[in-house]
Amino acid sequence: MSASDAPLHIGMTLTPTWLSGEAWRRPDSGVEGLMGQDYYIDIARRAEAAKLDFVFRPDTLAVNMGLLGRGAGMAGLDPTLLLCAIAHATSRIGLLTTVSTTFYPPYILARMLMSLHWLSGGRAGWNIVTALDGQRNFSLEDMPSPEDRYTRAAEVTEIVTRLWDSFPGDAWQPDRETGQFVRAELVRPIHFKGTYYSVEGPLGVPNMGAATGACRIPLVQAGASEAGRDFASRVADATFASTPDMEAAIELRRDLRRRARAHGRPEDAVRLMPGLSLYLAATEAEARELYRATHAGADEARKLANIREMTGLDLSGWPKDRRIRASDLPPAPQKVRSRTHAALLRRAIERQEPTLAELLNAPEVMGSAHWQVIGTPGQAMDAIRTWRAAGALDGFILFPGGSVDAMHLCLDTLAPALSDAGLLRREYAGSTFASHFERPLPV
Ligand SMILES: Cc1cc2nc3c(=O)[nH]c(=O)nc-3n(C[C@H](O)[C@H](O)[C@H](O)COP(=O)(O)O)c2cc1C
C-alpha cells in the first residue's frame, strides 16, 4: 500500500465543542455531567469503537473572564487527570493531553506524562503548546515573546525526553531471589544545564517504552508560525493545525515535509492533522439550521474586538454589507495572542475581501479557524476525500458542533463510513498510541 492510500490518522476532541454557543442549553445536552468522568468516558468509548487514533484534550491555564457567564470561559478539568480516568475505561485508543512548555517545569511534566503512559498501558501522547495566555497565574505580567516561548519549548522538550531516557524501563526488575529491585547502574542523571532550567535527573518514573518504537510517547505540536513549523518538523510526530481552507493545508503540509527532510527526518515523520469542525445532520438544510441556532447568541462586540486584536482593524460602526478590502488592513500588529490565527484572518480578508456580515461568520472569527463542514455525513466524506486527494492532510481531529446528536453522528455514522471507504482502520493493530502512528498504517 502506498502512503497516499494508507488510512488517515483521526482524533476526537474531548473539549465539548458540540455544547458551544447555545447548544449546551438543549434538554439532552448532558451539560450537568461536564465535571465528572462518565460524560467523557462515553465519548472515548464511542471513539474507540470507531477505531480512532486518539482522544484529545486541549488546555488553557487561565479563565477567560470575557467568555465566562453565558459560557464556561474555558473552565474545566485538568486534561491529564481526565485522561487518567479515561485510561481506566478504555484499552486501545491513544490519550493525547496538552501540556504547556511555557508554564510547566520539565521534571513535573516528564513525570506526569510517563505516569499517564504507565497507567494507560502505553497510550499517552503529548500535545506540546507554548500557550496563548495565563501568564498572570505564573508570576508574569506579560506573555514571553513567541521566539522566547519556542526557545523554551525546545529546551523543555529536550529535557523531558532526556529524563524519560534517564531511567530505562529494563532497569526496573524487582528480583525476589537476589533482592535487587532496580539495576541502578542503568539509571543515569542527565546533569542538564540550559538557558531556562538546570535539571539533574534521573526521572523518578522508569520509561515504559523508549525514544523510538511502538511504546514511545508520540509528540504532537500546535502553532504554525515560522518558529512553530521549525520546531514541529524537528521533533513532532504530528502537527495539530488550523487550516480553514485547503490551500492553507497543502502549503503547510508541503512546508513541514520539506523542513523535516532538511532536519534529516523522513518527510512523512510529521503528520498534518487539521482541526475539522463538523456540523452534521440528515440534510444540509438541517445542518445549516444547527449552525445558525448554535451561534444565534454570539456576541458581536467580542467578535469585533477579536478582529481588532488580530489585525489592528476597527470595524465597529461599519455597515454589514460593506466589503473589507486588503487595502483596509493596517500593518500587522506587533503583539498578538497567536500569530497563526492572526495570519489566517489577514489571509481570509486579503483573499476573499468579504463583507462585514460574511467576516463575522467566518471560521477565522467564529472559532479556532478550523476547516469547517456544515452538511450531511456524505458531504463530510466528500470534503475529506477531496482534501486527501489534494495532499492537504494526513488525518484530522474531529471537532463536532451543534448538539450531542451531531456529535454522535460524527462518531457513530461518519467514522464507520470512513472505515468502509478504507480511510480509517477497521481494527487496531496494536494497543499503544505509537502503534497507531506506525508507518505504513495497517488497514
Ligand atoms: C491549532 C492550534 C491549537 C492550539 N491549542 C492550544 C492549546 O490547547 N493550549 C494552549 O495553551 N495553546 C494552544 N495553542 C497555542 C500555541 O501553542 C502557540 O502558543 C500559539 O499558536 C503561538 O504560536 P505561533 O506563533 O506558532 O502561532 C494552539 C495553537 C494552534 C494553532
# chains A, B, ... in the order shown; residues from 1 in each chain; ligands from 1
$ select_by_dssp --residues "range 389-433 of chain A" --states "strand (DSSP E)" --output "MDAnalysis selection string"
chainID A and resid 395:400
$ residues_around --residues "range 351-353 of chain A" --least-positions-apart "3" --cutoff "7 Å" --atoms "only C-alpha atoms" --output "ChimeraX atom specification"
/A:323-326,347-348
$ residues_near_ligand --ligand "ligand 1" --cutoff "8 Å" --atoms "only C-alpha atoms and all ligand atoms" --output "PyMOL selection string"
chain A and resi 57-61+98-100+127-133+146-147+149-150+221-229+240-242+274-275+337-341+368+370
$ select_by_dssp --residues "range 32-118 of chain A" --states "alpha helix (DSSP H)" --output "ChimeraX atom specification"
/A:38-49,79-89,106-118
$ residues_around --residues "range 168-176 of chain A" --least-positions-apart "5" --cutoff "7 Å" --atoms "only C-alpha atoms" --output "number ranges by chain"
A: 181-184, 186-187, 206-209
$ write_last_selection --atoms "all heavy atoms" --output "CSV table (one decimal), in the first residue's frame"
chain,number,residue,atom,x,y,z
A,181,PHE,N,16.1,-4.7,43.5
A,181,PHE,CA,14.9,-4.2,43.0
A,181,PHE,C,15.1,-3.5,41.6
A,181,PHE,O,14.4,-3.8,40.6
A,181,PHE,CB,14.4,-3.1,44.0
A,181,PHE,CG,12.9,-2.9,43.9
A,181,PHE,CD1,12.1,-3.2,45.0
A,181,PHE,CD2,12.3,-2.4,42.8
A,181,PHE,CE1,10.7,-3.0,45.0
A,181,PHE,CE2,10.9,-2.2,42.7
A,181,PHE,CZ,10.1,-2.5,43.8
A,182,VAL,N,16.1,-2.6,41.6
A,182,VAL,CA,16.4,-1.9,40.3
A,182,VAL,C,17.8,-2.1,40.0
A,182,VAL,O,18.7,-2.1,40.8
A,182,VAL,CB,16.1,-0.4,40.6
A,182,VAL,CG1,16.7,0.5,39.5
A,182,VAL,CG2,14.6,-0.1,40.8
A,183,ARG,N,18.1,-2.2,38.7
A,183,ARG,CA,19.5,-2.3,38.2
A,183,ARG,C,20.1,-0.8,38.2
A,183,ARG,O,20.0,-0.2,37.1
A,183,ARG,CB,19.6,-3.0,36.9
A,183,ARG,CG,19.2,-4.4,37.0
A,183,ARG,CD,19.3,-5.1,35.6
A,183,ARG,NE,20.6,-5.0,35.0
A,183,ARG,CZ,20.8,-5.2,33.7
A,183,ARG,NH1,19.8,-5.6,32.9
A,183,ARG,NH2,22.0,-5.1,33.3
A,184,ALA,N,20.5,-0.4,39.3
A,184,ALA,CA,20.9,1.0,39.5
A,184,ALA,C,21.9,1.5,38.5
A,184,ALA,O,21.9,2.7,38.1
A,184,ALA,CB,21.4,1.3,40.9
A,186,LEU,N,22.0,1.2,35.4
A,186,LEU,CA,21.4,1.6,34.2
A,186,LEU,C,20.7,3.0,34.3
A,186,LEU,O,20.3,3.6,33.3
A,186,LEU,CB,20.4,0.6,33.7
A,186,LEU,CG,20.9,-0.8,33.4
A,186,LEU,CD1,19.8,-1.7,32.9
A,186,LEU,CD2,22.0,-0.8,32.3
A,187,VAL,N,20.6,3.4,35.5
A,187,VAL,CA,19.8,4.7,35.8
A,187,VAL,C,20.8,5.8,35.9
A,187,VAL,O,21.7,5.8,36.7
A,187,VAL,CB,19.0,4.6,37.0
A,187,VAL,CG1,18.2,5.9,37.3
A,187,VAL,CG2,18.0,3.4,37.0
A,206,PRO,N,10.3,5.0,35.8
A,206,PRO,CA,11.0,4.3,34.7
A,206,PRO,C,10.3,4.5,33.4
A,206,PRO,O,9.1,4.8,33.4
A,206,PRO,CB,11.0,2.8,35.1
A,206,PRO,CG,10.1,2.7,36.3
A,206,PRO,CD,9.8,4.1,36.8
A,207,ASN,N,11.0,4.4,32.3
A,207,ASN,CA,10.5,4.6,31.0
A,207,ASN,C,9.7,3.3,30.6
A,207,ASN,O,10.3,2.2,30.5
A,207,ASN,CB,11.6,4.9,30.0
A,207,ASN,CG,11.0,5.4,28.7
A,207,ASN,OD1,9.9,5.2,28.3
A,207,ASN,ND2,11.9,6.2,28.0
A,208,MET,N,8.5,3.5,30.2
A,208,MET,CA,7.7,2.3,29.8
A,208,MET,C,8.1,1.8,28.4
A,208,MET,O,8.0,0.7,28.1
A,208,MET,CB,6.3,2.7,29.8
A,208,MET,CG,5.4,1.5,29.7
A,208,MET,SD,3.7,1.9,29.4
A,208,MET,CE,3.1,0.3,28.9
A,209,GLY,N,8.6,2.8,27.6
A,209,GLY,CA,9.0,2.4,26.2
A,209,GLY,C,10.4,2.9,26.0
A,209,GLY,O,11.3,2.6,26.8
$ residues_around --residues "range 6-21 of chain A" --least-positions-apart "2" --cutoff "6 Å" --atoms "only C-alpha atoms" --output "list of chain:residue names"
A:Ala3, A:Ser4, A:Ala23, A:Trp24, A:Leu52, A:Asp53, A:Phe54, A:Val55, A:Phe56, A:Arg57, A:Thr294, A:His295, A:Asp394, A:Gly395, A:Phe396, A:Ile397, A:Leu398, A:Phe399, A:Pro400, A:Gly401, A:Gly402, A:Ser403, A:Leu423, A:Leu424, A:Leu441
$ atom_distance --atom1 "CA of Asp38 in chain A" --atom2 "CA of Arg25 in chain A"
19.3 Å
$ atom_distance --atom1 "CA of Thr80 in chain A" --atom2 "CA of Phe103 in chain A"
15.0 Å
$ closest_residue --among "A:Arg425, A:Arg234, A:Arg288, A:Arg46" --to "His263 in chain A" --atoms "only C-alpha atoms"
A:Arg234
